[in-house]
Amino acid sequence: KSNMAKGDFWAPCPFHQEKSASFHVDDRKGFYYCFGCHAKGDAVTFVKETGNLGFMEAVEALAAEAGMQMPARDPKAAERADRRTQLQDVMEEAARFYRLQLKTGAGSAARAYLAQKRRLTEPAWDRWGIGWSPENAQALVDHLAAKGISPDLMTASGVVAKGDSGRLYDRFHARIIFPILDPRGRTISFGGRSLDPNARAKYLNGPETELFDKGRSLFNHAPAREAAGKGKPLIVAEGYMDVIALSEAGFTAAVAPLGTAVTEDQLRMIWRIADEPVMALDGDKAGLAAAQRVIDLALPLLEAGKALRIAILPGGMDPDDLIKAQGAPAMQAVLDQAKPMVQLLWQRETEGRVFDSPERRAALDKTLRTHLARITDPSIKAHYVEEMKRLRLELFGTAQARPFQPGPFRPRGRFAPPGGALASTRSSLLAQAQGPVEEVLREAVILATLILHPSLIHRFESALERLDLTGEDHDILRQMILAGADMPDLHIRIAQSAPAALEAVLARPHVAIAPSVRNTRDHDLAALCLAEELAKLAARRGARREIEDAMEDMDGLPDEGLTWRL
């Protein structure tokens with residue numbers, strides 16, 4: 001679909017997995033938009049999002065590509081950028097130190113644990129950059145000091161901590177080290193696993209720093225994004241070892257949050273990688289609680305094409321346990337049985353409960369409505385309502401879930417005129433419109449304005465493409481408008497090619513009196529009219545969908561539930 005002469009480009013989206021080209025770049029305007037995952041922005045935003053860069057770093061990268069000289073930098077901004085670079089050097093030096101320590105005599109216990117308990121080979125250690133922090137808490141501090149790194153940078157990196165006495169020590173001493181990388185493959189923090197069964201914390205994550213934001217980072221982000229782009233299903237696990245075990249078993253598109261429950265930012269990052277990831281959660285009490293937290297977090301964020309499936313592992317196992325015990329096929333079987341969120345939401349509210357009275361059934365209805373009200377996407381909400389109705393019918397049976405059916409309205413008198421409706425009435429827009437009259441008229445004003453002001457087509461092109469039009473005539477005009485952008489004689493061309501469709505639009509009184517139609521020279525006024533008509537049309541349809549959703553909510557409710565809904 002690309003038209004390079006017009007600066008119009010289409011491609012598969014780099015932010016999520018897809019086979020068709022939904023990612024659109026308008027080179028003249030300098031903007032991109034994905035019709036699949038709705039990622040949007042300009043060139044700077046693109047570089048920031050794909051490379052996890054700050055604003056100035058993104059500008060510098062673009063300037064370097066264009067061969068442009070950067071203007072003199074703000075001293076404070078330069079100082080901040082230089083500090084990030086210095087902290088990055090500290091992290092890389094620490095990562096090298098830890099990897100080396102794993103290969104020494106001091107790392108023998110760690111090597112035995114990785115080989116025997118975790119069944120990881122030495123090439124796997126290297127692939128994941130696994131290291132060992134020696135029991136001597138001063139070893140890393142001395143090593144970094146010997147490299148000329150200041151105490152301030154050591155502590156700012158998060159690798160080194162300062163005790164109450166002011167003494168510096170390695171935060172991760174006596175732990176197996178897992179480096180945490182950003183989407184560009186740079187070390188930004190570490191996670192440590194203790195071998196001491198009496199340790200206060202089995203796993204220890206680095207603190208928040210200038211480089212590391214736990215709630216906006218994912219373990220194994222870049223490799224998982226690459227694997228998902230090649231068709232691998234995205235799996236979200238709970239910890240480092242789960243991700244490593246999954247990847248080594250062939251499930252290479254695996255990520256994990258870092259020491260926290262999944263955050264909204266992380267969920268959006270996950271959806272940029274894949275539209276329907278699978279959350280692989282431990283089958284213990286904590287795993288089930290995590291599943292419920294994910295449901296509550298995801299409900300308001302759901303939209304068409306973005307979903308979650310949840311796989312609960314059997315017998316309290318985690319992915320690492322299951323793969324070691326039964327192999328990759330067993331893990332694949334669990335993933336194949338992953339359930340959609342709506343089923344787990346229903347299970348949470350009904351499992352182990354008895355609904356043997358109208359009051360209890362009404363309480364269930366109220367709880368479910370509360371959850372459904374948090375879904376902002378009207379289409380998703382409608383489908384959730386339908387599924388809840390179906391599940392409710394299965395649980396209660398037809399006798400207890402009889403839909404509310406008001407009787408028909410029958411007027412006492414006869415209102416039809418003798419001989420039936422008048423010819424002028426039968427030919428009116430009110431009688432012939434294929435949708436609500438107000439919406440048909442607004443569509444007509446939008447189409448007429450773009451035909452008479454073709455210079456505005458590019459500005460409103462995306463909105464016109466996404467518009468739900470009523471009737472074949474309106475759709476014919478839309479196609480001709482999109483094909484005739486920049487044609488000053490567009491009105492004449494359409495009059496020659498589709499005279500009936502054009503006449504049907506322009507002959508309507510509401511269209512003829514529209515300011516943008518009466519004044520064909522004032523393009524600024526026409527742009528304002530277009531924006532207003534599009535906004536009002538969207539608001540009108542949104543309100544209508546809300547009413548339809550409310551009516552669907554009422555359908556199938558018992559009397560007390562209907563009363564509560566009204």
# chains A, B, ... in the order shown; residues from 1 in each chain; ligands from 1
>>> select_by_dssp(residues="stretch 225-387 of chain A", states="strand (DSSP E or B)", output="compact mmCIF listing (two decimals) with all heavy atoms, in the first residue's frame")
# COMPACT_ATOMS: atom_id res chain seq x y z
N ILE A 235 5.08 -15.60 26.47
CA ILE A 235 4.72 -16.16 27.77
C ILE A 235 5.24 -15.21 28.85
O ILE A 235 6.41 -14.80 28.82
CB ILE A 235 5.34 -17.56 27.97
CG1 ILE A 235 4.93 -18.48 26.83
CG2 ILE A 235 4.94 -18.14 29.32
CD1 ILE A 235 5.71 -19.78 26.78
N VAL A 236 4.38 -14.87 29.79
CA VAL A 236 4.77 -14.01 30.91
C VAL A 236 4.85 -14.89 32.15
O VAL A 236 3.84 -15.45 32.60
CB VAL A 236 3.76 -12.88 31.13
CG1 VAL A 236 4.24 -11.96 32.25
CG2 VAL A 236 3.57 -12.08 29.84
N ALA A 254 9.75 -15.34 26.19
CA ALA A 254 9.31 -15.36 27.59
C ALA A 254 9.88 -14.15 28.31
O ALA A 254 11.04 -13.79 28.12
CB ALA A 254 9.77 -16.64 28.28
N VAL A 255 9.05 -13.51 29.14
CA VAL A 255 9.47 -12.36 29.94
C VAL A 255 8.94 -12.51 31.36
O VAL A 255 8.09 -13.37 31.63
CB VAL A 255 8.95 -11.02 29.34
CG1 VAL A 255 9.54 -10.76 27.98
CG2 VAL A 255 7.43 -11.01 29.30
N ALA A 256 9.44 -11.67 32.26
CA ALA A 256 8.96 -11.66 33.64
C ALA A 256 9.07 -10.26 34.20
O ALA A 256 9.99 -9.51 33.85
CB ALA A 256 9.77 -12.63 34.51
N VAL A 278 0.31 -15.12 27.06
CA VAL A 278 -0.18 -16.09 28.04
C VAL A 278 0.56 -15.85 29.35
O VAL A 278 1.80 -15.84 29.39
CB VAL A 278 0.07 -17.54 27.57
CG1 VAL A 278 -0.38 -18.53 28.65
CG2 VAL A 278 -0.66 -17.81 26.27
N MET A 279 -0.18 -15.63 30.43
CA MET A 279 0.41 -15.49 31.75
C MET A 279 0.54 -16.89 32.35
O MET A 279 -0.48 -17.55 32.63
CB MET A 279 -0.47 -14.63 32.66
CG MET A 279 -0.89 -13.30 32.08
SD MET A 279 0.41 -12.06 32.09
CE MET A 279 0.64 -11.81 33.84
N ALA A 280 1.76 -17.37 32.51
CA ALA A 280 2.00 -18.70 33.08
C ALA A 280 2.29 -18.53 34.57
O ALA A 280 3.38 -18.11 34.96
CB ALA A 280 3.18 -19.37 32.38
N LEU A 281 1.31 -18.85 35.40
CA LEU A 281 1.40 -18.59 36.84
C LEU A 281 1.45 -19.88 37.64
O LEU A 281 0.85 -20.89 37.26
CB LEU A 281 0.21 -17.74 37.29
CG LEU A 281 0.06 -16.39 36.56
CD1 LEU A 281 -1.23 -15.71 36.94
CD2 LEU A 281 1.25 -15.49 36.87
N GLU A 303 -8.90 -3.78 24.93
CA GLU A 303 -9.44 -3.20 23.72
C GLU A 303 -9.42 -4.26 22.64
O GLU A 303 -8.81 -5.33 22.82
CB GLU A 303 -8.65 -1.97 23.28
CG GLU A 303 -7.17 -2.22 23.08
CD GLU A 303 -6.41 -0.94 22.76
OE1 GLU A 303 -6.21 -0.12 23.67
OE2 GLU A 303 -6.04 -0.78 21.59
N LYS A 306 -6.51 -6.82 21.86
CA LYS A 306 -5.58 -6.93 22.98
C LYS A 306 -6.24 -7.75 24.08
O LYS A 306 -7.27 -7.34 24.62
CB LYS A 306 -5.22 -5.54 23.53
CG LYS A 306 -4.56 -4.63 22.50
CD LYS A 306 -3.23 -5.16 22.06
CE LYS A 306 -2.56 -4.21 21.05
NZ LYS A 306 -1.30 -4.78 20.52
N ARG A 309 -4.49 -14.41 28.13
CA ARG A 309 -4.90 -15.76 28.49
C ARG A 309 -4.05 -16.17 29.68
O ARG A 309 -2.88 -15.78 29.77
CB ARG A 309 -4.75 -16.73 27.32
CG ARG A 309 -5.59 -16.35 26.12
CD ARG A 309 -5.51 -17.37 25.02
NE ARG A 309 -6.27 -18.56 25.30
CZ ARG A 309 -7.57 -18.69 25.08
NH1 ARG A 309 -8.27 -17.68 24.59
NH2 ARG A 309 -8.20 -19.81 25.35
N ILE A 310 -4.63 -16.93 30.57
CA ILE A 310 -3.93 -17.27 31.81
C ILE A 310 -3.85 -18.78 31.95
O ILE A 310 -4.87 -19.48 31.87
CB ILE A 310 -4.64 -16.64 33.02
CG1 ILE A 310 -4.63 -15.11 32.88
CG2 ILE A 310 -3.97 -17.05 34.32
CD1 ILE A 310 -5.35 -14.36 33.95
N ALA A 311 -2.64 -19.26 32.15
CA ALA A 311 -2.39 -20.70 32.34
C ALA A 311 -1.93 -20.92 33.78
O ALA A 311 -0.92 -20.37 34.20
CB ALA A 311 -1.33 -21.19 31.36
N ILE A 312 -2.69 -21.71 34.53
CA ILE A 312 -2.33 -22.05 35.90
C ILE A 312 -1.66 -23.41 35.90
O ILE A 312 -2.25 -24.40 35.45
CB ILE A 312 -3.58 -22.07 36.81
CG1 ILE A 312 -4.32 -20.72 36.73
CG2 ILE A 312 -3.17 -22.38 38.24
CD1 ILE A 312 -3.55 -19.55 37.25
N LYS A 339 -6.74 -20.21 29.75
CA LYS A 339 -8.12 -19.75 29.73
C LYS A 339 -8.18 -18.24 29.48
O LYS A 339 -7.31 -17.49 29.93
CB LYS A 339 -8.81 -20.05 31.06
CG LYS A 339 -8.93 -21.54 31.36
CD LYS A 339 -9.62 -21.74 32.72
CE LYS A 339 -9.76 -23.22 33.04
NZ LYS A 339 -10.42 -23.42 34.35
N PRO A 340 -9.23 -17.78 28.80
CA PRO A 340 -9.40 -16.34 28.66
C PRO A 340 -9.78 -15.71 30.00
O PRO A 340 -10.29 -16.39 30.90
CB PRO A 340 -10.55 -16.21 27.65
CG PRO A 340 -11.28 -17.50 27.73
CD PRO A 340 -10.27 -18.54 28.09
>>> select_by_dssp(residues="stretch 7-244 of chain A", states="helix (DSSP H, G or I)", output="number ranges by chain")
A: 43-51, 55-66, 75-102, 105-117, 122-128, 139-146, 151-157, 214-216, 221-229, 240-244
>>> closest_residue(among="A:Ile244, A:Ala161, A:Ala483, A:Leu308", to="A:Ile295", atoms="only C-alpha atoms")
A:Leu308
>>> closest_residue(among="A:Ala199, A:Leu100, A:Ala224, A:Ala39", to="A:Gly185", atoms="only C-alpha atoms")
A:Ala224
>>> atom_distance(atom1="atom CA of A:Arg193", atom2="atom CA of A:Arg111")
12.8 Å
>>> residues_around(residues="A:Trp271", least_positions_apart="5", cutoff="8 Å", atoms="only C-alpha atoms", output="MDAnalysis selection string")
chainID A and resid 16 37 276:277 306
>>> residues_around(residues="A:Val445", least_positions_apart="3", cutoff="10 Å", atoms="only C-alpha atoms", output="ChimeraX atom specification")
/A:439-442,448-451,505-506,508,510-517,529-530,533-534
>>> write_last_selection(atoms="N, CA, C and O atoms", output="PDB file, in the first residue's frame")
ATOM      1  N   GLU A 439     -27.088  10.825  12.584  1.00  0.00           N
ATOM      2  CA  GLU A 439     -25.773  10.300  12.185  1.00  0.00           C
ATOM      3  C   GLU A 439     -25.618  10.316  10.670  1.00  0.00           C
ATOM      4  O   GLU A 439     -24.542  10.631  10.145  1.00  0.00           O
ATOM      5  N   VAL A 440     -26.682   9.975   9.933  1.00  0.00           N
ATOM      6  CA  VAL A 440     -26.623  10.004   8.470  1.00  0.00           C
ATOM      7  C   VAL A 440     -26.347  11.423   7.978  1.00  0.00           C
ATOM      8  O   VAL A 440     -25.532  11.644   7.070  1.00  0.00           O
ATOM      9  N   LEU A 441     -27.005  12.405   8.589  1.00  0.00           N
ATOM     10  CA  LEU A 441     -26.799  13.795   8.181  1.00  0.00           C
ATOM     11  C   LEU A 441     -25.377  14.265   8.484  1.00  0.00           C
ATOM     12  O   LEU A 441     -24.761  14.984   7.689  1.00  0.00           O
ATOM     13  N   ARG A 442     -24.850  13.891   9.640  1.00  0.00           N
ATOM     14  CA  ARG A 442     -23.477  14.296   9.980  1.00  0.00           C
ATOM     15  C   ARG A 442     -22.485  13.661   9.002  1.00  0.00           C
ATOM     16  O   ARG A 442     -21.509  14.296   8.580  1.00  0.00           O
ATOM     17  N   ALA A 448     -19.509  15.863   2.139  1.00  0.00           N
ATOM     18  CA  ALA A 448     -19.647  17.031   1.270  1.00  0.00           C
ATOM     19  C   ALA A 448     -18.522  18.042   1.502  1.00  0.00           C
ATOM     20  O   ALA A 448     -17.975  18.626   0.556  1.00  0.00           O
ATOM     21  N   THR A 449     -18.152  18.244   2.764  1.00  0.00           N
ATOM     22  CA  THR A 449     -17.078  19.191   3.084  1.00  0.00           C
ATOM     23  C   THR A 449     -15.756  18.755   2.480  1.00  0.00           C
ATOM     24  O   THR A 449     -15.017  19.571   1.900  1.00  0.00           O
ATOM     25  N   LEU A 450     -15.433  17.481   2.564  1.00  0.00           N
ATOM     26  CA  LEU A 450     -14.163  16.988   2.013  1.00  0.00           C
ATOM     27  C   LEU A 450     -14.164  17.048   0.486  1.00  0.00           C
ATOM     28  O   LEU A 450     -13.122  17.315  -0.132  1.00  0.00           O
ATOM     29  N   ILE A 451     -15.331  16.818  -0.137  1.00  0.00           N
ATOM     30  CA  ILE A 451     -15.409  16.915  -1.599  1.00  0.00           C
ATOM     31  C   ILE A 451     -15.178  18.355  -2.056  1.00  0.00           C
ATOM     32  O   ILE A 451     -14.486  18.607  -3.051  1.00  0.00           O
ATOM     33  N   VAL A 505     -26.355  13.467  -1.501  1.00  0.00           N
ATOM     34  CA  VAL A 505     -25.731  14.122  -0.340  1.00  0.00           C
ATOM     35  C   VAL A 505     -25.952  15.628  -0.365  1.00  0.00           C
ATOM     36  O   VAL A 505     -26.404  16.233   0.612  1.00  0.00           O
ATOM     37  N   LEU A 506     -25.656  16.263  -1.509  1.00  0.00           N
ATOM     38  CA  LEU A 506     -25.696  17.726  -1.576  1.00  0.00           C
ATOM     39  C   LEU A 506     -27.119  18.283  -1.574  1.00  0.00           C
ATOM     40  O   LEU A 506     -27.331  19.451  -1.224  1.00  0.00           O
ATOM     41  N   ARG A 508     -29.560  17.453   0.346  1.00  0.00           N
ATOM     42  CA  ARG A 508     -30.191  17.479   1.666  1.00  0.00           C
ATOM     43  C   ARG A 508     -30.104  18.885   2.258  1.00  0.00           C
ATOM     44  O   ARG A 508     -29.015  19.476   2.303  1.00  0.00           O
ATOM     45  N   HIS A 510     -30.055  20.038   5.267  1.00  0.00           N
ATOM     46  CA  HIS A 510     -29.118  20.185   6.382  1.00  0.00           C
ATOM     47  C   HIS A 510     -27.685  20.330   5.875  1.00  0.00           C
ATOM     48  O   HIS A 510     -26.872  21.058   6.463  1.00  0.00           O
ATOM     49  N   VAL A 511     -27.370  19.623   4.762  1.00  0.00           N
ATOM     50  CA  VAL A 511     -26.029  19.713   4.183  1.00  0.00           C
ATOM     51  C   VAL A 511     -25.851  21.050   3.473  1.00  0.00           C
ATOM     52  O   VAL A 511     -24.819  21.715   3.595  1.00  0.00           O
ATOM     53  N   ALA A 512     -26.875  21.457   2.738  1.00  0.00           N
ATOM     54  CA  ALA A 512     -26.767  22.686   1.940  1.00  0.00           C
ATOM     55  C   ALA A 512     -26.527  23.923   2.795  1.00  0.00           C
ATOM     56  O   ALA A 512     -25.864  24.872   2.358  1.00  0.00           O
ATOM     57  N   ILE A 513     -27.042  23.939   4.029  1.00  0.00           N
ATOM     58  CA  ILE A 513     -26.878  25.132   4.876  1.00  0.00           C
ATOM     59  C   ILE A 513     -25.635  25.055   5.767  1.00  0.00           C
ATOM     60  O   ILE A 513     -25.362  25.992   6.522  1.00  0.00           O
ATOM     61  N   ALA A 514     -24.889  23.961   5.699  1.00  0.00           N
ATOM     62  CA  ALA A 514     -23.682  23.835   6.523  1.00  0.00           C
ATOM     63  C   ALA A 514     -22.675  24.904   6.116  1.00  0.00           C
ATOM     64  O   ALA A 514     -22.456  25.140   4.913  1.00  0.00           O
ATOM     65  N   PRO A 515     -22.037  25.613   7.057  1.00  0.00           N
ATOM     66  CA  PRO A 515     -21.082  26.688   6.710  1.00  0.00           C
ATOM     67  C   PRO A 515     -19.966  26.221   5.784  1.00  0.00           C
ATOM     68  O   PRO A 515     -19.547  26.963   4.890  1.00  0.00           O
ATOM     69  N   SER A 516     -19.490  24.991   5.984  1.00  0.00           N
ATOM     70  CA  SER A 516     -18.376  24.491   5.164  1.00  0.00           C
ATOM     71  C   SER A 516     -18.805  24.205   3.735  1.00  0.00           C
ATOM     72  O   SER A 516     -17.968  24.145   2.834  1.00  0.00           O
ATOM     73  N   VAL A 517     -20.112  23.993   3.506  1.00  0.00           N
ATOM     74  CA  VAL A 517     -20.623  23.744   2.160  1.00  0.00           C
ATOM     75  C   VAL A 517     -20.971  25.070   1.474  1.00  0.00           C
ATOM     76  O   VAL A 517     -20.720  25.260   0.282  1.00  0.00           O
ATOM     77  N   CYS A 529     -15.323  22.861  11.074  1.00  0.00           N
ATOM     78  CA  CYS A 529     -16.607  22.162  10.921  1.00  0.00           C
ATOM     79  C   CYS A 529     -16.399  20.647  10.868  1.00  0.00           C
ATOM     80  O   CYS A 529     -17.154  19.892  11.481  1.00  0.00           O
ATOM     81  N   LEU A 530     -15.374  20.221  10.133  1.00  0.00           N
ATOM     82  CA  LEU A 530     -15.096  18.777  10.053  1.00  0.00           C
ATOM     83  C   LEU A 530     -14.773  18.196  11.419  1.00  0.00           C
ATOM     84  O   LEU A 530     -15.292  17.141  11.809  1.00  0.00           O
ATOM     85  N   GLU A 533     -17.979  18.012  13.488  1.00  0.00           N
ATOM     86  CA  GLU A 533     -18.923  16.972  13.057  1.00  0.00           C
ATOM     87  C   GLU A 533     -18.401  15.588  13.418  1.00  0.00           C
ATOM     88  O   GLU A 533     -19.162  14.714  13.858  1.00  0.00           O
ATOM     89  N   LEU A 534     -17.108  15.354  13.239  1.00  0.00           N
ATOM     90  CA  LEU A 534     -16.529  14.055  13.596  1.00  0.00           C
ATOM     91  C   LEU A 534     -16.642  13.800  15.093  1.00  0.00           C
ATOM     92  O   LEU A 534     -16.966  12.692  15.531  1.00  0.00           O
TER      93      LEU A 534
END
>>> residues_around(residues="A:Gln138", least_positions_apart="5", cutoff="8 Å", atoms="only C-alpha atoms", output="list in words")
Leu168, Tyr169 and Asp170 of chain A
>>> write_last_selection(atoms="C-alpha atoms", output="PDB file, in the first residue's frame")
ATOM      1  CA  LEU A 168      30.412   0.434  51.337  1.00  0.00           C
ATOM      2  CA  TYR A 169      29.549  -3.184  50.544  1.00  0.00           C
ATOM      3  CA  ASP A 170      28.300  -5.307  47.639  1.00  0.00           C
TER       4      ASP A 170
END
>>> closest_residue(among="A:Lys381, A:Arg360, A:Arg478, A:Arg118", to="A:Val342", atoms="only C-alpha atoms")
A:Lys381
>>> residues_around(residues="A:Ser189", least_positions_apart="5", cutoff="8 Å", atoms="only C-alpha atoms", output="ChimeraX atom specification")
/A:91,157-159,179-181,205-206,211-212
>>> residues_around(residues="A:Gly215", least_positions_apart="3", cutoff="9 Å", atoms="only C-alpha atoms", output="NGL selection string")
:A and (218 or 257-258 or 260-266)
>>> atom_distance(atom1="atom CA of A:Gln116", atom2="atom CA of A:Arg99")
18.8 Å
